[in-house]
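K.L.:
The structure that follows is given in the form of structure tokens.
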Amino acid sequence: MRPSVLDRGHRLRARLFFRITSAGDAPDVVRMLLYRPGFFARPLLAITVPAMRGESAWSAAEREYLAMTIARRYASEFCAVTHAEMVRIAGQGAIDPADPASVRPEVRAAGDFLDALHRAPDTAVPPPGVSAAALRDALDVGLVWDVINRLANAFGFALRGDQLHTGTRALHRFGYRFPGFLLAGGPRTDRDDPVAALRHAVLAAPAATPPELRAAAAAGDGLDEPWRSYAARVRDASDTIGDDDVARLAAAYGEDAVFEVTVAAAVGAALATYDAGQKIVTAG
């Protein structure tokens, strides 16, 4: 279940954007990103745009393929079908999202590396034939979608009407960029390193919940119930979260608290995997 603030809590500029671009029915992921964008969307998008469409060892279609395999790992239908469509659009038919043999072996190897990091970081080994630079590019892709897939599951994202086709084409056309005025405002959490900016914005900057609560949700340590079991499921089993889980917490603590703790748990888990991968790649 999405907290209702993700549907009806936006600033006027975002509501007007929804009305103009999607007749008011914006995709769930867009609604989430444009709700209080200074809290986490602005720094996350600063990573997303170069990760998915910037200069890279991987083509845009190959990065979409990696994102699709990540979504399938999380059993996130919303993200899996979206990225499968993005593979088709970005690759112009050169890659079949249903056929692993249609991508280069290096792409499959990078995907296996990301999967090993997610399952058991201590067992992950850099694949031969894939450069450190290419693996770092893959880690950036993994960081973004490790966050988004957990949130898509926790908040029950779904595709409606023709959103699969219209939304993916808009994402591809604009390269995951949003107009600056939609992201402006709110607390400034800028850092030279966009990953550091994301870490600070979600876990340390002022928000509706104390930084200590968000940091504990991210780390999986020091939380009392019911937050402890909920944050653990966001981190490790987001596809098991149901509407009742979110509704109970929202009734007890408020929707902004649920939003922030969910984001913190998702970001914390994604950063732990990302940090482990960076150490492994650096060690070589």
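By order of appearance in the structure tokens: chains A, B, ..., then residues from 1 within every chain, and ligands from 1 in the order shown.
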Which residues of segment 177-278 of chain A come within 10 Å of segment 144-167 of chain A, and for each one, what is the closest pair of atoms and their distance in Å to one decimal, counting only C-alpha atoms, sorted by chain and residue number, as JSON lines?

P.N.:
```
{"residue": "A:Tyr230", "atom": "CA", "partner": "A:Ala154", "partner_atom": "CA", "distance": 9.9}
{"residue": "A:Arg233", "atom": "CA", "partner": "A:Ala154", "partner_atom": "CA", "distance": 8.9}
{"residue": "A:Val234", "atom": "CA", "partner": "A:Arg150", "partner_atom": "CA", "distance": 6.2}
{"residue": "A:Arg235", "atom": "CA", "partner": "A:Arg150", "partner_atom": "CA", "distance": 7.2}
{"residue": "A:Asp236", "atom": "CA", "partner": "A:Arg150", "partner_atom": "CA", "distance": 8.8}
{"residue": "A:Ala237", "atom": "CA", "partner": "A:Arg150", "partner_atom": "CA", "distance": 8.3}
{"residue": "A:Ser238", "atom": "CA", "partner": "A:Arg150", "partner_atom": "CA", "distance": 5.4}
{"residue": "A:Asp239", "atom": "CA", "partner": "A:Asn153", "partner_atom": "CA", "distance": 5.2}
{"residue": "A:Thr240", "atom": "CA", "partner": "A:Asn153", "partner_atom": "CA", "distance": 8.0}
{"residue": "A:Ile241", "atom": "CA", "partner": "A:Ala154", "partner_atom": "CA", "distance": 5.6}
{"residue": "A:Gly242", "atom": "CA", "partner": "A:Ala154", "partner_atom": "CA", "distance": 7.3}
{"residue": "A:Asp243", "atom": "CA", "partner": "A:Gly156", "partner_atom": "CA", "distance": 7.7}
{"residue": "A:Asp245", "atom": "CA", "partner": "A:Ala154", "partner_atom": "CA", "distance": 9.1}
{"residue": "A:Val246", "atom": "CA", "partner": "A:Ala154", "partner_atom": "CA", "distance": 7.9}
{"residue": "A:Phe259", "atom": "CA", "partner": "A:Phe155", "partner_atom": "CA", "distance": 9.0}
{"residue": "A:Thr262", "atom": "CA", "partner": "A:Leu151", "partner_atom": "CA", "distance": 7.2}
{"residue": "A:Val263", "atom": "CA", "partner": "A:Leu151", "partner_atom": "CA", "distance": 6.9}
{"residue": "A:Ala264", "atom": "CA", "partner": "A:Val147", "partner_atom": "CA", "distance": 9.4}
{"residue": "A:Ala265", "atom": "CA", "partner": "A:Val147", "partner_atom": "CA", "distance": 8.9}
{"residue": "A:Ala266", "atom": "CA", "partner": "A:Val147", "partner_atom": "CA", "distance": 5.2}
{"residue": "A:Val267", "atom": "CA", "partner": "A:Val147", "partner_atom": "CA", "distance": 5.5}
{"residue": "A:Gly268", "atom": "CA", "partner": "A:Val147", "partner_atom": "CA", "distance": 8.6}
{"residue": "A:Ala269", "atom": "CA", "partner": "A:Val147", "partner_atom": "CA", "distance": 7.9}
{"residue": "A:Ala270", "atom": "CA", "partner": "A:Asp146", "partner_atom": "CA", "distance": 5.3}
{"residue": "A:Leu271", "atom": "CA", "partner": "A:Val147", "partner_atom": "CA", "distance": 8.7}
{"residue": "A:Thr273", "atom": "CA", "partner": "A:Asp146", "partner_atom": "CA", "distance": 8.8}
{"residue": "A:Tyr274", "atom": "CA", "partner": "A:Asp146", "partner_atom": "CA", "distance": 9.3}
```

K.L.:
Rounded to one decimal place, report the atom CA of Arg199 of chain A-atom CA of Ala110 of chain A distance in Å.

P.N.:
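Answer for the atom CA of Arg199 of chain A to atom CA of Ala110 of chain A separation: 24.5 Å.
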
K.L.:
Can you list every residue of segment 27-66 of chain A that has an atom at most 7 Å from segment 125-140 of chain A, with its nearest atom pair and the distance in Å to one decimal, using only C-alpha atoms, ordered by chain then number, as a Markdown table?

P.N.:
```
| residue | atom | partner | partner_atom | distance |
| --- | --- | --- | --- | --- |
| A:Ala51 | CA | A:Asp140 | CA | 5.7 |
| A:Ser56 | CA | A:Asp137 | CA | 6.5 |
| A:Ala57 | CA | A:Ala134 | CA | 5.2 |
```

K.L.:
For the selection just defined, write its residues with N, CA and C atoms to a file, as a PDB file, in the first residue's frame.

P.N.:
```pdb
ATOM      1  N   ALA A  51      24.263   7.016 -14.322  1.00  0.00           N
ATOM      2  CA  ALA A  51      24.357   5.556 -14.269  1.00  0.00           C
ATOM      3  C   ALA A  51      23.633   4.914 -15.442  1.00  0.00           C
ATOM      4  N   SER A  56      29.578   5.281 -20.335  1.00  0.00           N
ATOM      5  CA  SER A  56      29.694   4.021 -19.605  1.00  0.00           C
ATOM      6  C   SER A  56      30.319   2.955 -20.490  1.00  0.00           C
ATOM      7  N   ALA A  57      30.860   1.933 -19.823  1.00  0.00           N
ATOM      8  CA  ALA A  57      31.334   0.757 -20.552  1.00  0.00           C
ATOM      9  C   ALA A  57      30.176  -0.042 -21.136  1.00  0.00           C
TER      10      ALA A  57
END
```

K.L.:
If we count only C-alpha atoms, what is near Glu260 of chain A at a cut-off of 9 Å, once residues fewer than 2 positions away on the same chain are taken out, given as a list in words?

P.N.:
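The contact residues come out as Phe39, Val202, Ala207, Ala208, Thr209, Arg214, Glu255, Asp256, Ala257, Val258, Thr262, Val263, Ala264 and Ala265 of chain A.
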
K.L.:
The selected residues should be written to file as a compact mmCIF listing (two decimals), in the first residue's frame (atoms: C-alpha atoms).

P.N.:
```
# COMPACT_ATOMS: atom_id res chain seq x y z
CA PHE A 39 14.59 14.01 1.04
CA VAL A 202 18.35 10.06 3.82
CA ALA A 207 13.34 15.30 8.34
CA ALA A 208 10.09 14.26 10.01
CA THR A 209 11.80 11.38 11.84
CA ARG A 214 16.59 6.34 9.99
CA GLU A 255 2.59 8.40 6.76
CA ASP A 256 5.72 10.53 6.61
CA ALA A 257 7.37 8.34 9.23
CA VAL A 258 6.54 5.22 7.19
CA THR A 262 11.05 2.66 4.35
CA VAL A 263 13.36 4.80 2.22
CA ALA A 264 16.09 4.67 4.89
CA ALA A 265 15.94 0.88 5.12
```

K.L.:
Find the residues around segment 180-184 of chain A up to 9 Å (only C-alpha atoms counted), leave out those fewer than 4 positions away in its own chain, and share them as a list in words.

P.N.:
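With the cut-off at 9 Å, the set is Arg11, Arg13, Ala14, Phe17, Leu33, Leu34, Arg36, Pro37, Gly38, Ala41 and Arg42 of chain A.
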
K.L.:
Using C-alpha atoms, can you write the selected residues to a file as an mmCIF file, in the first residue's frame?

P.N.:
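Here's the written file selection38.cif:
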```
data_model
loop_
_atom_site.group_PDB
_atom_site.id
_atom_site.type_symbol
_atom_site.label_atom_id
_atom_site.label_comp_id
_atom_site.auth_asym_id
_atom_site.auth_seq_id
_atom_site.Cartn_x
_atom_site.Cartn_y
_atom_site.Cartn_z
ATOM 1 C CA ARG A 11 3.460 20.498 -4.146
ATOM 2 C CA ARG A 13 4.267 22.377 -9.249
ATOM 3 C CA ALA A 14 4.241 18.572 -9.184
ATOM 4 C CA PHE A 17 3.205 18.517 -13.998
ATOM 5 C CA LEU A 33 10.167 10.663 -6.555
ATOM 6 C CA LEU A 34 8.364 14.000 -6.673
ATOM 7 C CA ARG A 36 9.483 15.776 -0.999
ATOM 8 C CA PRO A 37 12.245 15.347 -3.606
ATOM 9 C CA GLY A 38 14.870 16.933 -1.366
ATOM 10 C CA ALA A 41 14.909 11.703 -4.959
ATOM 11 C CA ARG A 42 17.190 14.604 -5.864
#
```

K.L.:
Ranking A:Ala94, A:Pro105, A:Ala232, A:Leu16 by minimum distance to Ala219 of chain A and counting only C-alpha atoms, which one comes first?

P.N.:
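Nearest to Ala219 of chain A: A:Ala232.
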
K.L.:
Enumerate as a VMD selection string all residues of segment 23-149 of chain A assigned to alpha helix (DSSP H) by DSSP on the backbone, naming them with the chain letters and numbers the document uses.

P.N.:
chain A and resid 28 to 33 41 to 53 60 to 73 77 to 91 105 to 119 132 to 149

K.L.:
With a distance cut-off of 12 Å and only C-alpha atoms, select the neighbouring residues of Arg88 of chain A, excluding the residue or stretch itself and same-chain residues fewer than 5 positions from it, and output the selection as a short mmCIF file (atom, residue, chain, number, x, y, z; two decimals) with C-alpha atoms, in the first residue's frame.

P.N.:
```cif
data_model
loop_
_atom_site.label_atom_id
_atom_site.label_comp_id
_atom_site.auth_asym_id
_atom_site.auth_seq_id
_atom_site.Cartn_x
_atom_site.Cartn_y
_atom_site.Cartn_z
CA ALA A 60 21.97 2.03 -22.52
CA ALA A 61 20.21 -1.21 -23.45
CA GLU A 62 22.75 -3.27 -21.51
CA ARG A 63 22.22 -1.12 -18.43
CA GLU A 64 18.46 -1.57 -18.79
CA TYR A 65 19.08 -5.32 -19.06
CA MET A 68 15.72 -5.83 -15.43
CA VAL A 81 8.28 -5.35 -17.06
CA THR A 82 9.23 -1.68 -17.19
CA HIS A 83 12.92 -2.42 -17.73
CA GLY A 93 15.54 -4.91 -30.92
CA ALA A 94 19.21 -5.88 -30.64
CA ILE A 95 18.65 -7.43 -27.20
CA ASP A 96 15.81 -9.77 -26.36
CA PRO A 97 14.96 -9.30 -22.66
CA ALA A 98 13.72 -12.89 -22.52
CA ASP A 99 16.94 -14.36 -23.95
CA SER A 102 21.22 -12.06 -26.76
CA HIS A 165 4.39 2.29 -23.09
CA THR A 168 9.00 4.02 -20.71
CA ARG A 169 9.15 6.16 -23.83
CA HIS A 172 14.06 6.95 -22.53
#
```
